[in-house]
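Scroll down for the structure; my scribbles are underneath it.
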Amino acid sequence: MIESFYELFLSRYNYWMAIILMLIGLYALIAKQNLVKKIIGLNIFQTAIFLFYISFAEVRGGTAPIYTAEGVHALYVNPLPHVLILTAIVVGVSVTAVALSLIVRIYEEYGVLDEDELMLAVRKR
Amino acid sequence: MMENVVIRTVSRLAVPFIQIFALYVIVHGASGAGGGFQGGVVFAASFILMIIAFGMANVRRRIDNRGIMWLSVIGISIYAGIGFLALLMAGNFLEYAAIEAALGIPHLHGILIDLVEAGIGIAVMAAMVSIIYDIAGNGEESS
Amino acid sequence: MIWELDFALLVFMIICAVAAITVKDLLHATIVLAAYSLIMTVLWAEMNAVDVAFTEATVGAGITTVLFIAAIARTRRSSSD
Amino acid sequence: MKTKALIAVLFIGIILFWAVEDMPAFGDPDAPATQYTGQLYVDSVLPDIGIDNIVTAILASYRGFDTLGEVVVIFTAGISVALLLRRGGRL
């Protein structure tokens, strides 16, 4: 029992850590009141998903996906998740930029940064 | 901060090297780590250093919001233009082999991919600098 | 890939993530988030994803931090939770 | 609110931890994702495109349309930030 658990942990600890990071981000996204904290949670959530993707691209003993002198016969890591994540990171920063500008605009209009106070201020207007 | 001579001198020395490194990253993308996204963002980082050292108004005097948006449009147009060039040469959209066959030049793939990366770099740099102008400035417009 | 180094970096990342969402001061939370991105860069370079590591180092630790600091400078620095 | 969020997060976490058992081991060279699609790209980039960096080759040629859409996404983000923040958000 203990040995099988140890085996399972040693071969899959990367996925477990990605899931723990994802849960931290999800908790911040649901429970935190401050809007900037929510964006920080969104960033952590995103990077956890990226970590999960890069983890299943890894091949033991493989090199980075740039051709060496051996050409196609050397062992490389899987390049396709790298491409997907490369585009996802840049989309993520544009999402962050739009969200932050919305927060700045909300603060200019209502003067609050908390979710509950914002709902009160919107209802009062 | 505007009076600090150390910050201004060091950033005046550092900005050209950062920009040359960004161009190297864009051009070197076909044969090593790097590419359009990374190079564009490094180029935008040099603009951030200029904003910190010389102030927002001085940087905006060099290139204003309207000019930076036009640069972004030019970058996307380079990318899409190569795609439509392949359509003109009786291929599919962004099919580099069609351009290569029509022009008769061998090994054109690498050059076309470098051009595409340059377009991505210009567009990403311009969009990032525009976002930083708008969030870091206090809502004013230069022109 | 050395699994001890990998595991240590992942533990540091979890500590940074918990710190980033529990710190009251938003500027401190932003700086901790930049440290989180930098540790993630090292992890990806160690997992042979060099292009992704480069992108994360420039975008995640550079531009995102600048955007957060600029937005916090225009709003409020303290937070209730 | 906080306890409800914690319960929901823990529930999702238990399900995901349960699902990880079926994933292939970390760094396994025989994993299905590495065996078919990844190996196909590694084999065909050098004869097809002829540049060294496999990631850039896939990004700009096989998935070129995808990347074009993504550059348009960044451009749209720049435009929306400009619309939100310039002149106090009033058009």
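Going by the structure tokens order, chains are called A, B, ..., each with residues numbered from 1, while ligands are numbered from 1 in the order shown.
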
Report task. Find the residues in chain B near chain C: any atom within 12 Å counts, using only C-alpha atoms. Write them as a ChimeraX atom specification. Result -> /B:22,25,29-49,51-52,124-125,127-139

Filtering to C-alpha atoms, could you give me those residues as a CSV table (one decimal), in the first residue's frame?
chain,number,residue,atom,x,y,z
B,22,ALA,CA,15.3,42.4,-29.2
B,25,VAL,CA,15.8,37.6,-30.7
B,29,GLY,CA,13.9,32.8,-34.0
B,30,ALA,CA,14.3,30.3,-36.8
B,31,SER,CA,17.5,28.7,-35.5
B,32,GLY,CA,17.3,28.9,-31.7
B,33,ALA,CA,15.2,29.9,-28.8
B,34,GLY,CA,13.3,33.1,-29.6
B,35,GLY,CA,10.8,34.5,-32.0
B,36,GLY,CA,8.4,37.3,-32.6
B,37,PHE,CA,6.5,37.3,-29.4
B,38,GLN,CA,9.5,37.3,-27.2
B,39,GLY,CA,11.4,39.9,-29.2
B,40,GLY,CA,8.4,42.2,-29.4
B,41,VAL,CA,7.9,42.1,-25.6
B,42,VAL,CA,11.7,42.8,-25.0
B,43,PHE,CA,11.4,45.8,-27.4
B,44,ALA,CA,8.4,47.0,-25.4
B,45,ALA,CA,10.5,46.6,-22.2
B,46,SER,CA,13.0,49.1,-23.6
B,47,PHE,CA,10.1,51.6,-24.0
B,48,ILE,CA,9.2,51.0,-20.3
B,49,LEU,CA,12.8,51.8,-19.3
B,51,ILE,CA,9.3,56.0,-19.7
B,52,ILE,CA,10.8,55.4,-16.2
B,124,VAL,CA,3.1,42.7,-30.4
B,125,MET,CA,5.6,45.5,-29.6
B,127,ALA,CA,0.1,46.7,-28.9
B,128,MET,CA,2.1,46.3,-25.6
B,129,VAL,CA,3.5,49.9,-25.8
B,130,SER,CA,0.0,51.2,-26.5
B,131,ILE,CA,-1.4,49.3,-23.4
B,132,ILE,CA,1.4,50.7,-21.2
B,133,TYR,CA,0.8,54.2,-22.5
B,134,ASP,CA,-2.9,53.9,-21.6
B,135,ILE,CA,-2.6,52.3,-18.2
B,136,ALA,CA,0.4,54.1,-16.9
B,137,GLY,CA,-0.6,57.6,-18.3
B,138,ASN,CA,-3.4,59.4,-16.5
B,139,GLY,CA,-5.9,59.2,-19.2

Requested in this report: Return as a ChimeraX atom specification the full set of residues in range 9-123 of chain B whose backbone-based DSSP assignment is helix (DSSP H, G or I).
Outcome: /B:9-30,36-54,56-62,65-88,96-103,109-123

Contact check, chain A to chain B, at most 10 Å, counting only C-alpha atoms, closest pairs as JSON lines:
{"residue": "A:Ala64", "atom": "CA", "partner": "B:Ala33", "partner_atom": "CA", "distance": 9.5}
{"residue": "A:Pro65", "atom": "CA", "partner": "B:Ala33", "partner_atom": "CA", "distance": 9.4}
{"residue": "A:Ile66", "atom": "CA", "partner": "B:Gly32", "partner_atom": "CA", "distance": 6.7}
{"residue": "A:Tyr67", "atom": "CA", "partner": "B:Ser31", "partner_atom": "CA", "distance": 8.6}
{"residue": "A:Leu86", "atom": "CA", "partner": "B:Phe37", "partner_atom": "CA", "distance": 8.6}
{"residue": "A:Thr87", "atom": "CA", "partner": "B:Phe37", "partner_atom": "CA", "distance": 8.7}
{"residue": "A:Ile89", "atom": "CA", "partner": "B:Phe37", "partner_atom": "CA", "distance": 9.9}
{"residue": "A:Val90", "atom": "CA", "partner": "B:Phe37", "partner_atom": "CA", "distance": 7.6}
{"residue": "A:Val93", "atom": "CA", "partner": "B:Met128", "partner_atom": "CA", "distance": 9.5}
{"residue": "A:Ser94", "atom": "CA", "partner": "B:Met128", "partner_atom": "CA", "distance": 8.6}
{"residue": "A:Ala97", "atom": "CA", "partner": "B:Ile131", "partner_atom": "CA", "distance": 7.2}
{"residue": "A:Val98", "atom": "CA", "partner": "B:Ile131", "partner_atom": "CA", "distance": 8.9}
{"residue": "A:Leu100", "atom": "CA", "partner": "B:Ile135", "partner_atom": "CA", "distance": 8.4}
{"residue": "A:Ser101", "atom": "CA", "partner": "B:Ile135", "partner_atom": "CA", "distance": 6.7}
{"residue": "A:Val104", "atom": "CA", "partner": "B:Ile135", "partner_atom": "CA", "distance": 8.2}

Quick one: residues within 12 Å of Ala69 in chain A, only C-alpha atoms counted, chain neighbours fewer than 5 positions away excluded, as a short mmCIF file (atom, residue, chain, number, x, y, z; two decimals) with N, CA, C and O atoms, in the first residue's frame?
data_model
loop_
_atom_site.label_atom_id
_atom_site.label_comp_id
_atom_site.auth_asym_id
_atom_site.auth_seq_id
_atom_site.Cartn_x
_atom_site.Cartn_y
_atom_site.Cartn_z
N ALA A 74 17.42 11.98 -33.18
CA ALA A 74 17.63 12.18 -31.74
C ALA A 74 16.28 12.19 -31.02
O ALA A 74 15.23 12.28 -31.66
N LEU A 75 16.31 12.09 -29.69
CA LEU A 75 15.07 12.07 -28.91
C LEU A 75 14.75 13.48 -28.43
O LEU A 75 15.52 14.09 -27.70
N LEU D 46 11.82 18.96 -40.47
CA LEU D 46 13.10 19.17 -41.16
C LEU D 46 13.00 18.97 -42.67
O LEU D 46 13.46 19.83 -43.43
N ASP D 52 15.66 25.08 -38.02
CA ASP D 52 16.11 24.26 -36.90
C ASP D 52 15.14 24.22 -35.73
O ASP D 52 15.01 23.21 -35.06
#

Query raised in the report: Skipping near chain neighbours, those fewer than 5 positions away, what residues fall within 12 Å of Arg62 in chain B using only C-alpha atoms, listed as an MDAnalysis selection string?
Result: chainID B and resid 47 50:51 54:57 67:68 142:143

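In this structure, CA of Ala33 in chain D sits 21.8 Å away from CA of Asp6 in chain C.
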
Query - Val72 in chain D surroundings by only C-alpha atoms, 10 Å radius, close-in-sequence under 6 positions cut, as number ranges by chain - result: B: 72-73, 76, 120, 123-124; D: 78

For those residues, write N, CA and C atoms to a file as a tab-separated table (two decimals), in the first residue's frame.
chain	number	residue	atom	x	y	z
B	72	SER	N	1.12	48.88	-35.13
B	72	SER	CA	0.48	47.59	-34.88
B	72	SER	C	-0.25	47.09	-36.12
B	73	VAL	N	-0.96	48.01	-36.79
B	73	VAL	CA	-1.67	47.63	-38.02
B	73	VAL	C	-0.68	47.17	-39.09
B	76	ILE	N	0.41	43.53	-38.39
B	76	ILE	CA	-0.59	42.53	-38.79
B	76	ILE	C	-0.68	42.45	-40.30
B	120	ILE	N	4.92	39.66	-36.56
B	120	ILE	CA	4.42	39.39	-35.21
B	120	ILE	C	5.11	40.30	-34.20
B	123	ALA	N	3.82	43.91	-34.38
B	123	ALA	CA	2.44	44.04	-33.87
B	123	ALA	C	2.41	43.91	-32.36
B	124	VAL	N	3.15	42.91	-31.81
B	124	VAL	CA	3.13	42.70	-30.36
B	124	VAL	C	3.76	43.88	-29.63
D	78	GLY	N	-5.35	45.81	-27.25
D	78	GLY	CA	-4.84	47.18	-27.25
D	78	GLY	C	-5.93	48.18	-27.55

Requested in this report: Determine which residues of chain D sit within 10 Å of chain C, taking into account only C-alpha atoms, and present them as a list of chain:residue names.
Outcome: D:Gly27, D:Asn53, D:Val55, D:Thr56

Given the selection you just returned, output its residues as a file containing N, CA, C and O atoms, formatted as a PDB file, in the first residue's frame.
ATOM      1  N   GLY D  27       7.147  12.051 -17.862  1.00  0.00           N
ATOM      2  CA  GLY D  27       8.352  11.794 -18.618  1.00  0.00           C
ATOM      3  C   GLY D  27       8.388  10.438 -19.277  1.00  0.00           C
ATOM      4  O   GLY D  27       9.442   9.974 -19.686  1.00  0.00           O
ATOM      5  N   ASN D  53      14.499  25.351 -35.468  1.00  0.00           N
ATOM      6  CA  ASN D  53      13.658  25.412 -34.278  1.00  0.00           C
ATOM      7  C   ASN D  53      12.284  24.832 -34.595  1.00  0.00           C
ATOM      8  O   ASN D  53      11.512  25.396 -35.369  1.00  0.00           O
ATOM      9  N   VAL D  55       9.629  24.490 -32.703  1.00  0.00           N
ATOM     10  CA  VAL D  55       8.485  25.247 -32.171  1.00  0.00           C
ATOM     11  C   VAL D  55       8.132  26.403 -33.101  1.00  0.00           C
ATOM     12  O   VAL D  55       6.960  26.611 -33.439  1.00  0.00           O
ATOM     13  N   THR D  56       9.150  27.142 -33.561  1.00  0.00           N
ATOM     14  CA  THR D  56       8.873  28.252 -34.480  1.00  0.00           C
ATOM     15  C   THR D  56       8.304  27.758 -35.792  1.00  0.00           C
ATOM     16  O   THR D  56       7.408  28.389 -36.375  1.00  0.00           O
TER      17      THR D  56
END

Considering only C-alpha atoms, give me a table of residues in chain A that are at most 9 Å from chain C, with the closest atom pair and distance in Å for each, as CSV.
residue,atom,partner,partner_atom,distance
A:Leu10,CA,C:Trp3,CA,8.6
A:Tyr13,CA,C:Phe7,CA,7.9
A:Asn14,CA,C:Phe7,CA,7.9
A:Met17,CA,C:Leu10,CA,6.7
A:Ala18,CA,C:Leu10,CA,8.7
A:Ile20,CA,C:Ile14,CA,7.8
A:Leu21,CA,C:Ile14,CA,6.3
A:Ile24,CA,C:Val18,CA,7.0
A:Gly25,CA,C:Ala17,CA,8.0
A:Ala28,CA,C:Ile21,CA,6.5
A:Lys32,CA,C:Asp81,CA,6.7
A:Gln33,CA,C:Asp81,CA,6.8
A:Asn34,CA,C:Ser79,CA,6.5
A:Val36,CA,C:Leu26,CA,7.6
A:Lys37,CA,C:Ile21,CA,6.5
A:Lys38,CA,C:Ile21,CA,8.7
A:Ile40,CA,C:Ile21,CA,7.2
A:Gly41,CA,C:Ile21,CA,7.0
A:Asn43,CA,C:Leu33,CA,8.7
A:Ile44,CA,C:Ala17,CA,7.0
A:Thr47,CA,C:Met40,CA,8.4
A:Leu51,CA,C:Trp44,CA,8.3
A:Ile54,CA,C:Ala49,CA,7.5
A:Ser55,CA,C:Met47,CA,7.8
A:Ala57,CA,C:Ala49,CA,8.8
A:Glu58,CA,C:Met47,CA,6.5
A:Val59,CA,C:Met47,CA,8.8
A:Arg60,CA,C:Met1,CA,7.4
A:Gly61,CA,C:Met1,CA,7.7
A:Gly62,CA,C:Asn48,CA,8.0
A:Thr63,CA,C:Asn48,CA,6.3
A:Ala64,CA,C:Asn48,CA,4.7
A:Pro65,CA,C:Ala49,CA,7.7
A:Val77,CA,C:Asn48,CA,7.3
A:Pro79,CA,C:Ala49,CA,8.4
A:His82,CA,C:Val52,CA,6.3
A:Val83,CA,C:Val52,CA,8.2
A:Ile85,CA,C:Val52,CA,7.1
A:Leu86,CA,C:Val52,CA,5.6
A:Ile89,CA,C:Glu56,CA,7.2
A:Val90,CA,C:Val59,CA,7.3
A:Val93,CA,C:Thr64,CA,6.5
A:Thr96,CA,C:Thr64,CA,7.5
A:Ala97,CA,C:Leu67,CA,6.8
A:Leu100,CA,C:Ala71,CA,6.4
A:Ser101,CA,C:Ala71,CA,7.4
A:Ile103,CA,C:Ala71,CA,8.0
A:Val104,CA,C:Ala71,CA,6.4
A:Tyr107,CA,C:Thr75,CA,6.4
A:Glu108,CA,C:Thr75,CA,8.0
A:Gly111,CA,C:Thr75,CA,8.4
A:Val112,CA,C:Arg76,CA,8.7
A:Leu113,CA,C:Arg76,CA,7.7
A:Asp114,CA,C:Ser80,CA,8.1

Can you pull out every residue within 10 Å of Ala5 in chain D, counting only C-alpha atoms, but drop anything in the same chain fewer than 5 positions away, and send it as a CSV table (one decimal) with N, CA, C and O atoms, in the first residue's frame?
chain,number,residue,atom,x,y,z
A,26,LEU,N,-8.2,29.0,-8.1
A,26,LEU,CA,-9.7,28.9,-8.1
A,26,LEU,C,-10.3,29.5,-6.8
A,26,LEU,O,-11.3,30.2,-6.8
A,27,TYR,N,-9.6,29.1,-5.7
A,27,TYR,CA,-10.1,29.6,-4.4
A,27,TYR,C,-10.0,31.2,-4.3
A,27,TYR,O,-11.0,31.9,-3.9
A,28,ALA,N,-8.9,31.7,-4.8
A,28,ALA,CA,-8.7,33.2,-4.9
A,28,ALA,C,-9.8,33.8,-5.8
A,28,ALA,O,-10.3,34.8,-5.5
A,29,LEU,N,-10.1,33.1,-6.9
A,29,LEU,CA,-11.1,33.7,-7.8
A,29,LEU,C,-12.5,33.7,-7.2
A,29,LEU,O,-13.2,34.6,-7.5
A,30,ILE,N,-12.8,32.7,-6.4
A,30,ILE,CA,-14.1,32.7,-5.8
A,30,ILE,C,-14.2,33.5,-4.5
A,30,ILE,O,-15.1,34.3,-4.4
A,31,ALA,N,-13.3,33.3,-3.6
A,31,ALA,CA,-13.5,33.8,-2.2
A,31,ALA,C,-13.0,35.2,-2.0
A,31,ALA,O,-13.4,35.9,-1.1
A,32,LYS,N,-12.0,35.7,-2.7
A,32,LYS,CA,-11.4,37.0,-2.4
A,32,LYS,C,-12.3,38.1,-2.9
A,32,LYS,O,-12.9,38.0,-3.9
D,10,LEU,N,-12.3,22.0,-2.6
D,10,LEU,CA,-11.9,20.7,-2.2
D,10,LEU,C,-12.6,19.6,-2.9
D,10,LEU,O,-12.0,18.6,-3.3
D,11,PHE,N,-13.9,19.8,-3.2
D,11,PHE,CA,-14.6,18.8,-4.0
D,11,PHE,C,-14.0,18.6,-5.4
D,11,PHE,O,-13.7,17.5,-5.8

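Relative to CA of Gly13 in chain D, CA of Met22 in chain A is found at 8.9 Å.
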
Requested in this report: Please report as a PyMOL selection string which residues of chain D come no farther than 9 Å from chain B, using only C-alpha atoms.
Outcome: chain D and resi 49-57+60-62+64-65+67-68+71-72+74-79+81-82+85-89

Query raised in the report: So, counting only C-alpha atoms, which residue among D:Pro32, D:Gly38, D:Pro24, D:Gly69 is closest to chain A?
Result: D:Gly38
